[in-house]
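Engineer: The following file, start-v5.tsv, comprises TSV, C-alpha atoms:
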```
chain	number	residue	atom	x	y	z
Z	1	MET	CA	-15.74	-40.85	170.67
Z	2	PHE	CA	-12.29	-39.57	169.68
Z	3	ASP	CA	-10.55	-42.94	169.91
Z	4	THR	CA	-11.20	-45.17	166.89
Z	5	ILE	CA	-13.50	-45.71	163.93
Z	6	ALA	CA	-13.59	-49.25	162.58
Z	7	GLY	CA	-10.37	-49.97	164.45
Z	8	LEU	CA	-8.46	-47.02	162.98
Z	9	PRO	CA	-7.40	-44.03	165.09
Z	10	VAL	CA	-9.71	-41.05	164.53
Z	11	HIS	CA	-6.66	-38.78	164.61
Z	12	VAL	CA	-5.12	-40.45	161.58
Z	13	LEU	CA	-8.38	-40.14	159.66
Z	14	VAL	CA	-9.05	-36.48	160.52
Z	15	VAL	CA	-5.57	-35.01	160.60
Z	16	HIS	CA	-5.11	-35.27	156.83
Z	17	ALA	CA	-8.19	-33.14	156.24
Z	18	VAL	CA	-6.83	-30.50	158.63
Z	19	VAL	CA	-3.38	-30.53	157.03
Z	20	VAL	CA	-4.95	-29.85	153.63
Z	21	LEU	CA	-7.94	-27.67	154.49
Z	22	LEU	CA	-6.44	-25.37	157.12
Z	23	PRO	CA	-3.66	-24.02	154.85
Z	24	LEU	CA	-6.15	-23.83	151.97
Z	25	MET	CA	-8.59	-21.81	154.07
Z	26	SER	CA	-5.74	-19.59	155.27
Z	27	VAL	CA	-4.95	-18.68	151.67
Z	28	VAL	CA	-8.65	-18.27	150.80
Z	29	THR	CA	-9.28	-16.06	153.84
Z	30	ILE	CA	-6.34	-13.84	152.92
Z	31	ALA	CA	-7.44	-13.69	149.27
Z	32	VAL	CA	-11.01	-12.72	150.16
Z	33	ALA	CA	-9.74	-10.06	152.56
Z	34	VAL	CA	-7.30	-8.57	150.05
Z	35	ARG	CA	-9.43	-8.70	146.89
Z	36	ARG	CA	-12.36	-6.29	147.12
Z	37	ARG	CA	-14.39	-8.11	144.45
Z	38	TRP	CA	-14.11	-11.39	146.32
Z	39	ARG	CA	-15.45	-10.07	149.63
Z	40	SER	CA	-18.97	-11.03	148.61
Z	41	ALA	CA	-17.83	-14.64	149.18
Z	42	ALA	CA	-16.93	-13.87	152.81
Z	43	PRO	CA	-19.98	-15.64	154.31
Z	44	TRP	CA	-18.96	-18.86	152.55
Z	45	VAL	CA	-15.42	-18.45	153.79
Z	46	VAL	CA	-16.73	-18.07	157.34
Z	47	LEU	CA	-18.76	-21.27	156.94
Z	48	ALA	CA	-15.81	-23.21	155.51
Z	49	ASP	CA	-13.50	-21.88	158.24
Z	50	ALA	CA	-16.02	-23.00	160.86
Z	51	VAL	CA	-15.94	-26.53	159.44
Z	52	VAL	CA	-12.14	-26.52	159.56
Z	53	VAL	CA	-12.22	-25.29	163.16
Z	54	GLY	CA	-14.42	-28.27	164.00
Z	55	LEU	CA	-12.06	-30.66	162.24
Z	56	SER	CA	-9.10	-29.07	164.03
Z	57	TYR	CA	-10.79	-29.62	167.37
Z	58	VAL	CA	-11.47	-33.27	166.54
Z	59	ALA	CA	-7.83	-33.68	165.45
Z	60	LYS	CA	-6.63	-32.17	168.74
Z	61	GLU	CA	-8.88	-34.28	170.93
Z	62	SER	CA	-8.27	-37.49	169.00
Z	63	GLY	CA	-4.53	-36.81	169.02
Z	64	GLU	CA	-4.57	-36.60	172.80
Z	65	VAL	CA	-6.44	-39.92	172.99
Z	66	LEU	CA	-4.01	-41.55	170.55
Z	67	GLN	CA	-1.00	-40.19	172.43
Z	68	ALA	CA	-2.37	-41.58	175.71
Z	69	ARG	CA	-2.98	-44.95	174.07
Z	70	LEU	CA	0.53	-45.12	172.57
Z	71	SER	CA	2.30	-43.83	175.67
Z	72	GLN	CA	1.44	-47.14	177.36
Z	73	PHE	CA	4.00	-48.76	175.05
Z	74	THR	CA	6.36	-45.89	174.26
Z	75	PRO	CA	6.69	-43.20	176.91
Z	76	ASN	CA	6.87	-39.61	175.65
Z	77	VAL	CA	5.68	-40.66	172.20
Z	78	ALA	CA	5.26	-37.61	169.99
Z	79	GLU	CA	5.41	-35.31	173.00
Z	80	GLN	CA	6.59	-32.27	171.01
Z	81	HIS	CA	4.00	-32.92	168.31
Z	82	GLY	CA	1.28	-33.13	170.94
Z	83	GLU	CA	2.30	-29.83	172.49
Z	84	LEU	CA	2.39	-28.07	169.12
Z	85	GLY	CA	-0.82	-29.73	167.92
Z	86	ALA	CA	-2.74	-28.69	171.03
Z	87	LEU	CA	-2.26	-25.06	169.95
Z	88	LEU	CA	-3.25	-25.50	166.31
Z	89	TRP	CA	-6.95	-25.40	167.18
Z	90	TYR	CA	-6.47	-21.85	168.48
Z	91	PHE	CA	-4.88	-20.81	165.19
Z	92	ALA	CA	-7.87	-22.25	163.33
Z	93	LEU	CA	-10.20	-20.38	165.67
Z	94	GLY	CA	-8.23	-17.17	165.06
Z	95	LEU	CA	-8.60	-17.68	161.33
Z	96	LEU	CA	-12.36	-18.01	161.78
Z	97	VAL	CA	-12.44	-14.77	163.78
Z	98	ALA	CA	-10.45	-13.05	161.01
Z	99	ALA	CA	-12.92	-14.31	158.38
Z	100	VAL	CA	-15.86	-13.05	160.44
Z	101	LEU	CA	-14.12	-9.69	160.80
Z	102	VAL	CA	-13.58	-9.49	157.03
Z	103	TRP	CA	-17.25	-10.30	156.47
Z	104	LEU	CA	-18.54	-7.79	159.03
Z	105	THR	CA	-16.30	-4.96	157.84
Z	106	SER	CA	-16.70	-5.57	154.11
Z	107	ARG	CA	-19.21	-2.72	153.87
Z	108	SER	CA	-17.25	-0.26	156.00
Z	109	ALA	CA	-14.40	1.30	154.04
Z	110	ARG	CA	-12.87	2.65	157.24
Z	111	LEU	CA	-12.53	-0.75	158.94
Z	112	VAL	CA	-11.54	-2.88	155.95
Z	113	PRO	CA	-7.78	-2.22	156.33
Z	114	VAL	CA	-7.90	-3.49	159.90
Z	115	ALA	CA	-9.69	-6.65	158.79
Z	116	VAL	CA	-7.19	-7.18	155.96
Z	117	VAL	CA	-4.22	-6.88	158.31
Z	118	VAL	CA	-5.81	-9.25	160.83
Z	119	ALA	CA	-6.62	-11.77	158.07
Z	120	VAL	CA	-3.13	-11.64	156.57
Z	121	VAL	CA	-1.32	-11.94	159.91
Z	122	THR	CA	-3.62	-14.70	161.15
Z	123	GLY	CA	-3.49	-16.55	157.82
Z	124	VAL	CA	0.30	-16.48	157.60
Z	125	ALA	CA	0.66	-17.52	161.25
Z	126	THR	CA	-1.79	-20.38	160.70
Z	127	LEU	CA	0.12	-21.55	157.62
Z	128	ALA	CA	3.41	-21.53	159.52
Z	129	TRP	CA	2.01	-23.28	162.59
Z	130	THR	CA	0.24	-25.93	160.49
Z	131	TYR	CA	3.52	-26.69	158.76
Z	132	ARG	CA	5.33	-26.90	162.08
Z	133	VAL	CA	2.75	-29.26	163.59
Z	134	GLY	CA	2.55	-31.44	160.47
Z	135	GLU	CA	6.31	-31.69	160.17
Z	136	SER	CA	6.69	-32.71	163.82
Z	137	GLY	CA	3.95	-35.32	163.39
Z	138	ALA	CA	5.56	-36.74	160.28
Z	139	ARG	CA	8.89	-36.98	162.08
Z	140	ALA	CA	7.24	-38.65	165.08
Z	141	VAL	CA	5.63	-41.29	162.87
Z	142	TRP	CA	8.10	-41.76	160.04
Z	143	GLY	CA	11.44	-40.30	161.18
Z	144	ASP	CA	13.16	-43.46	162.38
Z	145	THR	CA	11.41	-45.80	159.95
Z	146	VAL	CA	12.46	-43.98	156.80
Z	147	ALA	CA	15.85	-42.90	158.12
Z	148	ASN	CA	16.81	-46.49	158.91
Z	149	THR	CA	15.78	-48.07	155.60
Z	150	LYS	CA	17.22	-48.02	152.09
Z	151	ALA	CA	15.30	-46.87	149.06
Z	152	PRO	CA	14.55	-49.68	146.59
```
Would you mind giving the structure from this file in structure tokens?
Structural biologist:
Amino acid sequence: MFDTIAGLPVHVLVVHAVVVLLPLMSVVTIAVAVRRRWRSAAPWVVLADAVVVGLSYVAKESGEVLQARLSQFTPNVAEQHGELGALLWYFALGLLVAAVLVWLTSRSARLVPVAVVVAVVTGVATLAWTYRVGESGARAVWGDTVANTKAP
């Protein structure tokens, strides 16, 4: 299920959506938490975050399958990326929890500051971790190839 689609690795197909949508939803979740007028959009943010959590899970599972497949030929292939990527799903899940908290507390003036802090901290952490995972993946795939070639 998480191996290939039409001969292409599922991880390669899904990971690009995660790399774009997870940072985007981090910023959107923070914005909806911080801007009072935008909190009415919180249910949609929760829905979108849930979709990204699902994509993150598929990226994690398919990455493990791809790593197992490639390790037959290259031991320890993308080991650091795999370790970092395995945790990204939890960051996405945390972002979803923060969005739900923003939604549930949007009518309680007393609890809104807590939700805002949770959303900002979780959003910034998710942005940073997504960058770290993506950068390690790019280095694992392209590091030697690009470093050892000349530009045209």
Engineer: Which is closer to Glu135 (chain Z) than all the others in Z:Gly7, Z:Gly63, Z:Pro75, Z:Gly85, using all atoms listed in the file?
Structural biologist: Z:Gly85
Engineer: With a distance cut-off of 9 Å and all atoms listed in the file, select the neighbouring residues of Val121 (chain Z), excluding the residue or stretch itself and same-chain residues fewer than 5 positions from it, and output the selection as a list in words.
Structural biologist: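 Using all atoms listed in the file, the neighbours found are Ile30, Val116 and Thr126 of chain Z.
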Engineer: Within 6 Å of region 10-21 of chain Z, counting only C-alpha atoms, which residues qualify if same-chain residues fewer than 3 places away don't, as a list in words?
Structural biologist: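 So, after excluding close chain neighbours, the residues are Phe2, Asp3, Thr4, Leu24, Met25, Ala59, Ser62 and Gly63 of chain Z.
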Engineer: Rounded to one decimal, what separation in Å do you get between CA of Ala125 (chain Z) and CA of His81 (chain Z)?
Structural biologist: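 A separation of 17.3 Å between them.
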Engineer: Find the spatial neighbours of Leu127 (chain Z), counting all atoms listed in the file, within a cut-off of 8 Å - ignore same-chain residues fewer than 2 positions away - and output them as a list in words.
Structural biologist: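 Counting only the stated atoms, we get Leu22, Pro23, Ser26, Gly123, Val124, Ala125, Trp129, Thr130 and Tyr131 of chain Z.
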Engineer: Nearest to Val34 (chain Z) among Z:Gly143, Z:Gly137, Z:Pro152, Z:Pro113, with distances taken over all atoms listed in the file: which residue is it?
Structural biologist: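 For Val34 (chain Z), the nearest of the given residues is Z:Pro113.
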Engineer: Just the number, please: distance in Å from CA of Leu93 (chain Z) to CA of Val120 (chain Z), one decimal.
Structural biologist: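 Interatomic distance, CA of Leu93 (chain Z) to CA of Val120 (chain Z): 14.5 Å.
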Engineer: Suppose you want the space between CA of Ala48 (chain Z) and CA of Leu96 (chain Z); what is it in Å?
Structural biologist: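 Computing it gives 8.8 Å between the two atoms.
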Engineer: So, with only C-alpha atoms as the atoms that count, which of Z:Val46, Z:Ala31, Z:Ala138, Z:Val112 lies closest to Val100 (chain Z)?
Structural biologist: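 Nearest to Val100 (chain Z): Z:Val46.
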Engineer: Which of these, Z:Gly134, Z:Thr122, Z:Ala140, Z:Trp103, has the shortest distance to Arg36 (chain Z) once you count only C-alpha atoms?
Structural biologist: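 Using only C-alpha atoms, Arg36 (chain Z) sits closest to Z:Trp103.
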Engineer: Write out as JSON, numbers by chain which residues come within 10 Å of Arg39 (chain Z) when counting all atoms listed in the file, dropping same-chain ones fewer than 2 positions away.
Structural biologist: {"Z": [29, 31, 32, 33, 34, 35, 36, 37, 41, 42, 43, 44, 45, 102, 103, 105, 106, 107]}
Engineer: Hey, which of Z:Ala68, Z:Leu104, Z:Leu55, Z:Val118 ends up closest to Leu88 (chain Z)? Count only C-alpha atoms.
Structural biologist: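 Closest candidate: Z:Leu55.
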Engineer: With all atoms listed in the file as the basis for distance, which of Z:Trp38, Z:Pro9, Z:Trp142, Z:Ser56 is at the shortest distance from Phe91 (chain Z)?
Structural biologist: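 Smallest separation from Phe91 (chain Z) among the options: Z:Ser56.
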Engineer: Some atoms are missing, so please complete region 117-128 of chain Z with N, CA and C atoms and return it as a tab-separated table (two decimals), in the frame of the given file.
Structural biologist:
```
chain	number	residue	atom	x	y	z
Z	117	VAL	N	-5.45	-6.62	157.55
Z	117	VAL	CA	-4.22	-6.88	158.31
Z	117	VAL	C	-4.40	-8.08	159.24
Z	118	VAL	N	-5.53	-8.13	159.93
Z	118	VAL	CA	-5.81	-9.25	160.83
Z	118	VAL	C	-5.86	-10.56	160.04
Z	119	ALA	N	-6.51	-10.56	158.88
Z	119	ALA	CA	-6.62	-11.77	158.07
Z	119	ALA	C	-5.25	-12.22	157.56
Z	120	VAL	N	-4.44	-11.29	157.10
Z	120	VAL	CA	-3.13	-11.64	156.57
Z	120	VAL	C	-2.22	-12.18	157.68
Z	121	VAL	N	-2.17	-11.49	158.80
Z	121	VAL	CA	-1.32	-11.94	159.91
Z	121	VAL	C	-1.78	-13.30	160.44
Z	122	THR	N	-3.08	-13.44	160.64
Z	122	THR	CA	-3.62	-14.70	161.15
Z	122	THR	C	-3.43	-15.82	160.13
Z	123	GLY	N	-3.66	-15.54	158.86
Z	123	GLY	CA	-3.49	-16.55	157.82
Z	123	GLY	C	-2.06	-17.03	157.70
Z	124	VAL	N	-1.11	-16.10	157.71
Z	124	VAL	CA	0.30	-16.48	157.60
Z	124	VAL	C	0.74	-17.25	158.84
Z	125	ALA	N	0.32	-16.80	160.01
Z	125	ALA	CA	0.66	-17.52	161.25
Z	125	ALA	C	0.08	-18.93	161.24
Z	126	THR	N	-1.14	-19.07	160.76
Z	126	THR	CA	-1.79	-20.38	160.70
Z	126	THR	C	-1.06	-21.30	159.72
Z	127	LEU	N	-0.66	-20.75	158.58
Z	127	LEU	CA	0.12	-21.55	157.62
Z	127	LEU	C	1.41	-22.05	158.26
Z	128	ALA	N	2.13	-21.17	158.91
Z	128	ALA	CA	3.41	-21.53	159.52
Z	128	ALA	C	3.22	-22.56	160.63
```
